[in-house]
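*Asks:* Sharing a structure with you now.
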Amino acid sequence: MKMKLTGTFIQPICGGDTPVMNWSRAEWDREFAVMKELGIDTVILLRLFLDDWMAYDSPCLKRLENAIPTQLDYVDLFLSLAEKYGIRLFVPTYSPMHDWLLATYDPKKEFAAFKELVDEIWSRYGHRKAFGGWYFAQEISGADSFLVAELFQMLGKYVKSVSGSLPILTSPGMRKAIGAAEHEKQWDYLLDIMDGAVDIIAFQDGHVSFHQLEEYQAVNVKLARKHGIEVWSNVESFDRQIIPKFQPIAWDKLRFKLNCAVRTGHDKLITYEFTPFLSPYGCYKTWTESLLARYREWCETESRS
Amino acid sequence: MKMKLTGTFIQPICGGDTPVMNWSRAEWDREFAVMKELGIDTVILLRLFLDDWMAYDSPCLKRLENAIPTQLDYVDLFLSLAEKYGIRLFVPTYSPMHDWLLATYDPKKEFAAFKELVDEIWSRYGHRKAFGGWYFAQEISGADSFLVAELFQMLGKYVKSVSGSLPILTSPGMRKAIGAAEHEKQWDYLLDIMDGAVDIIAFQDGHVSFHQLEEYQAVNVKLARKHGIEVWSNVESFDRQIIPKFQPIAWDKLRFKLNCAVRTGHDKLITYEFTPFLSPYGCYKTWTESLLARYREWCETESRS
Amino acid sequence: MKMKLTGTFIQPICGGDTPVMNWSRAEWDREFAVMKELGIDTVILLRLFLDDWMAYDSPCLKRLENAIPTQLDYVDLFLSLAEKYGIRLFVPTYSPMHDWLLATYDPKKEFAAFKELVDEIWSRYGHRKAFGGWYFAQEISGADSFLVAELFQMLGKYVKSVSGSLPILTSPGMRKAIGAAEHEKQWDYLLDIMDGAVDIIAFQDGHVSFHQLEEYQAVNVKLARKHGIEVWSNVESFDRQIIPKFQPIAWDKLRFKLNCAVRTGHDKLITYEFTPFLSPYGCYKTWTESLLARYREWCETESRS
């Protein structure tokens, strides 16, 4: 049996650290087809809102953020394509730009806003066959963000009351400076707070050094087993060391991280993110043609076990 | 009738925020052909001098800046291609790197240097059929730059004495922090100073938020009507929010700005700039193929009225 | 007779200021073929170690830096391709990230580590036909780095005792602020220290202004003649003035520097570096197709003498 990348983040809203695709339905259809061909069965929509823009025409986000709708309803589009290709889509809740380390951060207040958005999303898209889970988008990394864990507890409970058995995923960071033992301690505490509200944890694998990765990942798997949740690895496919930033990753680094995640016993491998950094159709295609070739070779050989 | 992008900036000198084309005559000919096909009738040469280099072998710029000539005479080349394709070319005056907010800035001294350059340009290229106007390249944005408005007054008068009826264009910035009312007040003052010297004003549309844009653009049109000049919108086709900077823009943003400029009654739409950010031949072609496709769809549908 | 680029740096390890190729043997073979076709007879491997990664599975670098091996042995691969295409490969020694301006920098200590690596490299690859020289990778630029010159003296003597007549190359920087006369004085001093240990000096041509370049390069040739070593010009093919950094260079600048290096009497022209900034196969291929076309035209015309 093989283990390979079977999930990826996806995003329609332009900004941040990934380039613009400017694709319409036909081009996204082609993209879903190649993802499916490569074995992707899970697509996670990264966000619903960024830099004034929202991924569907949401009255809730309009009120909360004065957000402007994109021309396409990307939630509908991605659900349609996910249905066509037999993929499940994770839908994000809101990720406002609030600083949860500030004294003013109030998870109860945050929850009140989120609650309405969850209702809106569920009433619009809850009946869709490909609606396969929820994504909690806050990328926390340590115990000082415990208020977000409390938000997750409230939000998870509410989401489950609305949508039943759909799994909830989050994808936190890791802190290289604290070491694997302290990471274990802090995340044991955070997962206690999140208990029953989060079903899958997928740590981002790019925040610790290559030398630290295996030790941290072993901790992550151990913690997940203890708390009875699934553990995926978010295998970043962009390089954190090349200038200018956010180009497709060096194959040796991707291979190292894939092998490390497999070896430490993760349940599933996902990536941030297929379209700009691995796709044969993305704007970095002159970079990714060789990266994708190396990845395909790896799937054919090393990932067998 | 449709309204679409009918003008663009163009630049041969490498540096700043746009990538290098390194094209010769054949490749620029292909570029003018596609611009013409898309409806471009106006091309504005952005600058004659940057980072030691000048766009033609100018004795004046050699003396003033010790500038080095490019291999091609780009003014001649672009005039030839403009003639071939029935496009008019706006030729810039000098844009030195002087800080016009310093107490030492003296528009009279600046004018003396510019005067010689205007004479040189006119004697070399003034007879060319495609020489369709002048571009004043200083990108001011508020009333504290009134000394540049005074320079424009002197320079405009001189340019008109030399070249007669050719229109003079400038493309200023806007300041999001001051609000549309204060913007109106400051530009009413600046346009008073420039009276009779500038014929077309084309504000850059990327300096205010998407939410502010319509209000600012309505002011711009109102001001232009009051002062009896044309008002174009400089619809930026690069994205100000994606890292790394200066990549082709998200289509939703370009569409938003195009529709806003049409709705507020601008006389013409130009862009900064076609070749890197929209062209099917530019080095960002793996980005722009979809952006251009979206723009073509917009031309076929939404821009009709 | 023509003078053109006949050498280039090459690098397999991802990071720093050049994008990732992620090529395997077939793609590097294609690259060596096009380099050969363009007249490249010398390839210099830039480094053996960067950001945790080493270019072959080196016990010495594993011990010194806890380095991780790349999947391919790039030294073996590049030697094989160099042999296939009749190219000579310069192999680097170690370039650790130590700051040689610190009081704690000790060239004797550094030499001890380097010595073992030289032994390891020579025992693994010394017999290879394409092993054509050594590259000392420290990019010093002025007299305050005299301790590195002392390291070079020790290391050069040792390398020659091991590998006999193979030439040793280094490629320093230049300092625009000090002027050509002071540059001459400082490098006369440094070359005195390196006497007998370095055979070829190839100054990087991008650190001084275009206006200064000819004067500095005349000094470089004069110094090399005085010290009895070869002088090459390292003609950088990336642009130092375009944002974002490290894109292929403007042709006018490359042409200026090529002509300047020819005119001042250099023995050979190399570039940093062919694959990302000039190759028809690199990830910047949509940039470099026109740059390479201009370079080919230059080879056919201007470089004749």
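Chain labels run A, B, ... following the order of the structure tokens; each chain numbers its residues from 1, and ligands are numbered from 1 in the order shown.
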From a DSSP pass on the backbone, collect the residues of range 40-250 of chain B flagged as helix (DSSP H, G or I) and hand them back as a PyMOL selection string.
*Replies:* chain B and resi 59-65+74-85+107-125+143-163+179-193+210-227
*Asks:* Excluding Gly265 in chain B and any residue of its chain fewer than 2 positions from it, enumerate the residues within 8 Å of it, using only C-alpha atoms, and give them as a PDB file with all heavy atoms, in the first residue's frame.
*Replies:*
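Below you can see selection-v7.pdb, which holds the result:
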```pdb
ATOM      1  N   ALA B 218     -15.520  59.830  -8.218  1.00  0.00           N
ATOM      2  CA  ALA B 218     -16.574  60.810  -8.504  1.00  0.00           C
ATOM      3  C   ALA B 218     -16.018  62.227  -8.340  1.00  0.00           C
ATOM      4  O   ALA B 218     -16.294  63.125  -9.146  1.00  0.00           O
ATOM      5  CB  ALA B 218     -17.770  60.573  -7.587  1.00  0.00           C
ATOM      6  N   VAL B 221     -13.787  63.127 -11.394  1.00  0.00           N
ATOM      7  CA  VAL B 221     -14.552  63.497 -12.587  1.00  0.00           C
ATOM      8  C   VAL B 221     -15.135  64.905 -12.418  1.00  0.00           C
ATOM      9  O   VAL B 221     -15.050  65.747 -13.324  1.00  0.00           O
ATOM     10  CB  VAL B 221     -15.676  62.468 -12.852  1.00  0.00           C
ATOM     11  CG1 VAL B 221     -16.602  62.941 -13.974  1.00  0.00           C
ATOM     12  CG2 VAL B 221     -15.070  61.100 -13.197  1.00  0.00           C
ATOM     13  N   ALA B 261     -14.692  52.869 -12.562  1.00  0.00           N
ATOM     14  CA  ALA B 261     -14.263  53.977 -13.427  1.00  0.00           C
ATOM     15  C   ALA B 261     -15.303  54.270 -14.504  1.00  0.00           C
ATOM     16  O   ALA B 261     -15.564  55.429 -14.831  1.00  0.00           O
ATOM     17  CB  ALA B 261     -12.909  53.650 -14.056  1.00  0.00           C
ATOM     18  N   VAL B 262     -15.905  53.228 -15.048  1.00  0.00           N
ATOM     19  CA  VAL B 262     -16.960  53.421 -16.053  1.00  0.00           C
ATOM     20  C   VAL B 262     -18.158  54.136 -15.415  1.00  0.00           C
ATOM     21  O   VAL B 262     -18.673  55.122 -15.939  1.00  0.00           O
ATOM     22  CB  VAL B 262     -17.402  52.065 -16.645  1.00  0.00           C
ATOM     23  CG1 VAL B 262     -18.641  52.247 -17.527  1.00  0.00           C
ATOM     24  CG2 VAL B 262     -16.271  51.418 -17.439  1.00  0.00           C
ATOM     25  N   ARG B 263     -18.557  53.633 -14.253  1.00  0.00           N
ATOM     26  CA  ARG B 263     -19.760  54.136 -13.583  1.00  0.00           C
ATOM     27  C   ARG B 263     -19.636  55.607 -13.194  1.00  0.00           C
ATOM     28  O   ARG B 263     -20.612  56.350 -13.217  1.00  0.00           O
ATOM     29  CB  ARG B 263     -19.997  53.280 -12.332  1.00  0.00           C
ATOM     30  CG  ARG B 263     -21.392  53.273 -11.816  1.00  0.00           C
ATOM     31  CD  ARG B 263     -21.605  52.091 -10.872  1.00  0.00           C
ATOM     32  NE  ARG B 263     -20.551  52.003  -9.866  1.00  0.00           N
ATOM     33  CZ  ARG B 263     -19.829  50.912  -9.604  1.00  0.00           C
ATOM     34  NH1 ARG B 263     -20.035  49.786 -10.269  1.00  0.00           N
ATOM     35  NH2 ARG B 263     -18.903  50.930  -8.666  1.00  0.00           N
ATOM     36  N   ASP B 267     -13.567  59.611 -18.996  1.00  0.00           N
ATOM     37  CA  ASP B 267     -13.538  59.750 -20.452  1.00  0.00           C
ATOM     38  C   ASP B 267     -12.787  58.612 -21.132  1.00  0.00           C
ATOM     39  O   ASP B 267     -13.008  58.322 -22.315  1.00  0.00           O
ATOM     40  CB  ASP B 267     -12.868  61.082 -20.836  1.00  0.00           C
ATOM     41  CG  ASP B 267     -13.622  62.281 -20.282  1.00  0.00           C
ATOM     42  OD1 ASP B 267     -14.866  62.302 -20.448  1.00  0.00           O
ATOM     43  OD2 ASP B 267     -12.986  63.165 -19.675  1.00  0.00           O
TER      44      ASP B 267
END
```
*Asks:* My list of candidates is A:Ile249, A:Ile243, A:Leu147, A:Ala224. Which is closest to chain B when distances are computed with only C-alpha atoms?
*Replies:*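 Smallest separation from chain B among the options: A:Ile243.
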*Asks:* As JSON, numbers by chain, please: every residue in range 64-287 of chain C that DSSP puts in strand (DSSP E or B).
*Replies:* {"C": [68, 69, 88, 89, 90, 91, 92, 131, 132, 133, 134, 135, 136, 168, 169, 170, 200, 201, 202, 203, 204, 230, 231, 232, 233, 234, 235, 236, 238, 239, 242, 247, 248, 268, 269, 270, 271, 272]}
*Asks:* Between A:Leu213, A:Ile242, A:Leu191, A:Cys260, which has the minimum distance to chain C (counting only C-alpha atoms)?
*Replies:*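 Using only C-alpha atoms, the shortest distance to chain C belongs to A:Ile242.
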*Asks:* Can you pull out the residues contacting range 60-66 of chain C? Cut-off 10 Å, using only C-alpha atoms, and skip same-chain residues under 2 positions away; I want them as a list in words.
*Replies:*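 After dropping sequence-adjacent residues, the list is His211 of chain A; Leu48, Phe49, Leu50, Asp51, Asp52, Trp53, Met54, Ala55, Tyr56, Asp57, Ser58, Ile68, Pro69, Tyr94, Pro96, Ala113, Phe114, Glu116, Leu117, Val118, Asp119, Glu120 and Ile121 of chain C.
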*Asks:* Filtering to C-alpha atoms, could you give me those residues as a CSV table (one decimal), in the first residue's frame?
*Replies:*
```
chain,number,residue,atom,x,y,z
A,211,HIS,CA,16.5,18.1,12.2
C,48,LEU,CA,28.5,21.8,-1.3
C,49,PHE,CA,26.5,22.9,1.6
C,50,LEU,CA,23.6,25.3,2.3
C,51,ASP,CA,20.7,25.5,4.8
C,52,ASP,CA,21.2,21.9,6.3
C,53,TRP,CA,21.7,20.3,2.9
C,54,MET,CA,24.8,18.9,1.2
C,55,ALA,CA,25.4,18.1,-2.4
C,56,TYR,CA,26.7,14.6,-1.9
C,57,ASP,CA,26.5,12.2,1.1
C,58,SER,CA,29.6,13.6,2.9
C,68,ILE,CA,21.4,16.2,5.2
C,69,PRO,CA,22.2,14.5,1.8
C,94,TYR,CA,33.7,24.2,2.2
C,96,PRO,CA,30.7,27.7,6.3
C,113,ALA,CA,38.1,21.4,9.0
C,114,PHE,CA,38.7,22.2,5.3
C,116,GLU,CA,39.5,16.8,5.9
C,117,LEU,CA,36.9,17.8,3.4
C,118,VAL,CA,39.6,18.3,0.7
C,119,ASP,CA,40.9,14.8,1.5
C,120,GLU,CA,37.3,13.3,1.3
C,121,ILE,CA,36.5,15.1,-2.0
```
*Asks:* Need to verify the contact set: Trp28 in chain A, 12 Å, only C-alpha atoms, exclusion of same-chain residues closer than 6 positions in sequence. Can you return it as a list in words?
*Replies:*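 The residues that qualify are Ile10, Gln11, Pro12, Met21, Asn22, Val34, Met35, Leu72, Tyr74, Leu77, Phe78, Leu79, Ser80, Leu81, Ala82, Lys84, Tyr85, Thr275, Ser279, Tyr281 and Gly282 of chain A; Ser290 of chain B.
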*Asks:* Limited to N, CA, C and O atoms, could you put the picked residues into a file as an mmCIF file, in the first residue's frame?
*Replies:*
```cif
data_model
loop_
_atom_site.group_PDB
_atom_site.id
_atom_site.type_symbol
_atom_site.label_atom_id
_atom_site.label_comp_id
_atom_site.auth_asym_id
_atom_site.auth_seq_id
_atom_site.Cartn_x
_atom_site.Cartn_y
_atom_site.Cartn_z
ATOM 1 N N ILE A 10 -6.992 24.891 -0.817
ATOM 2 C CA ILE A 10 -7.308 25.559 -2.072
ATOM 3 C C ILE A 10 -7.823 26.941 -1.698
ATOM 4 O O ILE A 10 -8.380 27.126 -0.628
ATOM 5 N N GLN A 11 -7.590 27.941 -2.570
ATOM 6 C CA GLN A 11 -8.117 29.262 -2.237
ATOM 7 C C GLN A 11 -8.389 30.068 -3.490
ATOM 8 O O GLN A 11 -7.623 30.050 -4.431
ATOM 9 N N PRO A 12 -9.490 30.766 -3.444
ATOM 10 C CA PRO A 12 -9.846 31.591 -4.591
ATOM 11 C C PRO A 12 -9.504 33.047 -4.383
ATOM 12 O O PRO A 12 -9.339 33.787 -5.335
ATOM 13 N N MET A 21 -4.722 33.003 -9.401
ATOM 14 C CA MET A 21 -4.997 32.102 -10.514
ATOM 15 C C MET A 21 -5.911 32.762 -11.550
ATOM 16 O O MET A 21 -5.733 32.593 -12.729
ATOM 17 N N ASN A 22 -6.893 33.495 -11.073
ATOM 18 C CA ASN A 22 -7.847 34.148 -11.992
ATOM 19 C C ASN A 22 -8.532 33.138 -12.907
ATOM 20 O O ASN A 22 -8.780 33.413 -14.082
ATOM 21 N N VAL A 34 -6.957 17.005 -12.423
ATOM 22 C CA VAL A 34 -5.573 16.570 -12.202
ATOM 23 C C VAL A 34 -5.332 16.236 -10.731
ATOM 24 O O VAL A 34 -4.588 15.306 -10.409
ATOM 25 N N MET A 35 -5.992 16.941 -9.834
ATOM 26 C CA MET A 35 -5.875 16.592 -8.414
ATOM 27 C C MET A 35 -6.408 15.175 -8.183
ATOM 28 O O MET A 35 -5.782 14.360 -7.511
ATOM 29 N N LEU A 72 -17.493 35.012 -8.922
ATOM 30 C CA LEU A 72 -17.980 33.638 -8.787
ATOM 31 C C LEU A 72 -18.291 33.329 -7.328
ATOM 32 O O LEU A 72 -17.634 33.847 -6.435
ATOM 33 N N TYR A 74 -17.406 30.870 -5.011
ATOM 34 C CA TYR A 74 -16.400 29.815 -5.000
ATOM 35 C C TYR A 74 -16.797 28.621 -4.136
ATOM 36 O O TYR A 74 -16.356 27.505 -4.389
ATOM 37 N N LEU A 77 -18.928 26.698 -6.465
ATOM 38 C CA LEU A 77 -18.096 26.152 -7.549
ATOM 39 C C LEU A 77 -17.274 24.953 -7.064
ATOM 40 O O LEU A 77 -17.251 23.895 -7.699
ATOM 41 N N PHE A 78 -16.601 25.118 -5.917
ATOM 42 C CA PHE A 78 -15.745 24.037 -5.428
ATOM 43 C C PHE A 78 -16.577 22.838 -4.978
ATOM 44 O O PHE A 78 -16.156 21.685 -5.143
ATOM 45 N N LEU A 79 -17.753 23.088 -4.400
ATOM 46 C CA LEU A 79 -18.626 21.970 -4.041
ATOM 47 C C LEU A 79 -19.067 21.218 -5.297
ATOM 48 O O LEU A 79 -19.078 19.973 -5.327
ATOM 49 N N SER A 80 -19.402 21.947 -6.344
ATOM 50 C CA SER A 80 -19.837 21.302 -7.596
ATOM 51 C C SER A 80 -18.729 20.436 -8.176
ATOM 52 O O SER A 80 -18.959 19.287 -8.586
ATOM 53 N N LEU A 81 -17.525 20.998 -8.216
ATOM 54 C CA LEU A 81 -16.406 20.236 -8.782
ATOM 55 C C LEU A 81 -16.038 19.071 -7.872
ATOM 56 O O LEU A 81 -15.691 17.982 -8.353
ATOM 57 N N ALA A 82 -16.122 19.273 -6.580
ATOM 58 C CA ALA A 82 -15.852 18.180 -5.644
ATOM 59 C C ALA A 82 -16.868 17.059 -5.858
ATOM 60 O O ALA A 82 -16.515 15.865 -5.856
ATOM 61 N N LYS A 84 -18.473 16.422 -8.669
ATOM 62 C CA LYS A 84 -18.175 15.822 -9.969
ATOM 63 C C LYS A 84 -17.038 14.805 -9.872
ATOM 64 O O LYS A 84 -17.064 13.767 -10.524
ATOM 65 N N TYR A 85 -16.029 15.106 -9.053
ATOM 66 C CA TYR A 85 -14.836 14.255 -9.010
ATOM 67 C C TYR A 85 -14.768 13.345 -7.777
ATOM 68 O O TYR A 85 -13.750 12.697 -7.546
ATOM 69 N N THR A 275 -2.224 23.919 -5.931
ATOM 70 C CA THR A 275 -2.341 24.703 -7.170
ATOM 71 C C THR A 275 -1.121 25.575 -7.477
ATOM 72 O O THR A 275 -0.551 25.479 -8.565
ATOM 73 N N SER A 279 0.860 22.066 -9.088
ATOM 74 C CA SER A 279 0.010 21.835 -10.257
ATOM 75 C C SER A 279 0.740 22.062 -11.578
ATOM 76 O O SER A 279 1.580 22.953 -11.686
ATOM 77 N N TYR A 281 -0.690 23.314 -13.983
ATOM 78 C CA TYR A 281 -1.421 24.418 -14.609
ATOM 79 C C TYR A 281 -1.249 25.749 -13.877
ATOM 80 O O TYR A 281 -1.688 26.778 -14.369
ATOM 81 N N GLY A 282 -0.642 25.747 -12.705
ATOM 82 C CA GLY A 282 -0.508 26.979 -11.928
ATOM 83 C C GLY A 282 0.452 27.961 -12.589
ATOM 84 O O GLY A 282 1.171 27.627 -13.540
ATOM 85 N N SER B 290 -4.843 33.723 -17.887
ATOM 86 C CA SER B 290 -6.201 33.685 -17.346
ATOM 87 C C SER B 290 -6.726 35.093 -17.058
ATOM 88 O O SER B 290 -7.917 35.363 -17.248
#
```
*Asks:* Between CA of Gly173 in chain C and CA of Ala250 in chain A, what is the spacing in Å?
*Replies:*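 CA of Gly173 in chain C lies at a distance of 27.8 Å from CA of Ala250 in chain A.
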*Asks:* With a cut-off of 7 Å, could you pull out the residues of chain C touching chain A and give me the nearest pair of atoms for each, distance in Å to one decimal, using only C-alpha atoms, ordered by chain and ascending number, as JSON lines?
*Replies:*
```
{"residue": "C:Cys14", "atom": "CA", "partner": "A:Ala250", "partner_atom": "CA", "distance": 5.8}
{"residue": "C:Gly15", "atom": "CA", "partner": "A:Ile242", "partner_atom": "CA", "distance": 4.4}
{"residue": "C:Gly16", "atom": "CA", "partner": "A:Ile242", "partner_atom": "CA", "distance": 5.2}
{"residue": "C:Asp17", "atom": "CA", "partner": "A:Ile243", "partner_atom": "CA", "distance": 5.1}
{"residue": "C:Pro19", "atom": "CA", "partner": "A:Ile242", "partner_atom": "CA", "distance": 6.7}
{"residue": "C:Val20", "atom": "CA", "partner": "A:Ala250", "partner_atom": "CA", "distance": 5.7}
{"residue": "C:Met21", "atom": "CA", "partner": "A:Trp287", "partner_atom": "CA", "distance": 6.8}
{"residue": "C:Asn22", "atom": "CA", "partner": "A:Ser290", "partner_atom": "CA", "distance": 5.6}
{"residue": "C:Trp23", "atom": "CA", "partner": "A:Ser290", "partner_atom": "CA", "distance": 6.0}
{"residue": "C:Thr70", "atom": "CA", "partner": "A:Asp252", "partner_atom": "CA", "distance": 5.8}
{"residue": "C:Gln71", "atom": "CA", "partner": "A:Asp252", "partner_atom": "CA", "distance": 6.5}
{"residue": "C:Pro244", "atom": "CA", "partner": "A:Pro244", "partner_atom": "CA", "distance": 6.7}
{"residue": "C:Lys245", "atom": "CA", "partner": "A:Pro244", "partner_atom": "CA", "distance": 6.9}
{"residue": "C:Cys283", "atom": "CA", "partner": "A:Thr286", "partner_atom": "CA", "distance": 4.7}
```
*Asks:* What's the 6 Å shell around range 151-165 of chain C, counting only C-alpha atoms, without same-chain residues fewer than 2 positions away, as a list of chain:residue names?
*Replies:*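 Near neighbours after the sequence-gap exclusion: C:Pro107, C:Val148, C:Ala149, C:Met194, C:Ala197.
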*Asks:* Here is a test: counting only C-alpha atoms, which residue of B:Ala33, B:Leu89, B:Ala202, B:Ala177 is nearest to Ile140 in chain B?
*Replies:*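 So, comparing all the options, the nearest one is B:Ala202.
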*Asks:* Can you tell me which residues surround range 40-45 of chain B at a distance of at most 7 Å, considering only C-alpha atoms, apart from same-chain residues fewer than 4 positions away, and format the answer as a list in words?
*Replies:* Leu5, Thr6, Gly7, Thr8, Phe9, Ile10, Gln11, Met35, Lys36, Ile87, Arg88, Leu89, Phe90, Val91 and Pro92 of chain B
*Asks:* Residues of the last selection are to be written out with C-alpha atoms, as a JSON list (two decimals), in the first residue's frame.
*Replies:*
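So selection_26.json came out as:
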```json
[["chain", "number", "residue", "atom", "x", "y", "z"],
["B", 5, "LEU", "CA", -8.94, 49.81, -21.70],
["B", 6, "THR", "CA", -7.78, 51.88, -24.67],
["B", 7, "GLY", "CA", -4.46, 53.10, -23.34],
["B", 8, "THR", "CA", -1.44, 51.74, -21.53],
["B", 9, "PHE", "CA", 1.89, 52.79, -20.20],
["B", 10, "ILE", "CA", 4.93, 51.16, -21.74],
["B", 11, "GLN", "CA", 8.57, 51.15, -20.73],
["B", 35, "MET", "CA", -2.46, 45.82, -28.04],
["B", 36, "LYS", "CA", -4.10, 47.15, -31.20],
["B", 87, "ILE", "CA", -1.66, 54.36, -32.19],
["B", 88, "ARG", "CA", -0.68, 57.70, -30.66],
["B", 89, "LEU", "CA", 2.34, 57.86, -28.40],
["B", 90, "PHE", "CA", 2.68, 60.18, -25.41],
["B", 91, "VAL", "CA", 6.30, 61.13, -24.82],
["B", 92, "PRO", "CA", 7.50, 61.89, -21.28]]
```
*Asks:* To one decimal place, how far is CA of Tyr272 in chain A from CA of Leu278 in chain B in Å?
*Replies:*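 Separating CA of Tyr272 in chain A from CA of Leu278 in chain B is a distance of 27.3 Å.
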*Asks:* To one decimal place, how far is CA of Ser171 in chain C from CA of Arg296 in chain C in Å?
*Replies:*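 For CA of Ser171 in chain C relative to CA of Arg296 in chain C, the distance reads 25.2 Å.
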*Asks:* Which residue, A:Asp76, A:Asp205, A:Glu31, A:Asp106, has the smallest gap to Leu254 in chain A when you use only C-alpha atoms?
*Replies:*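 Of the candidates, the smallest distance to Leu254 in chain A is held by A:Asp205.
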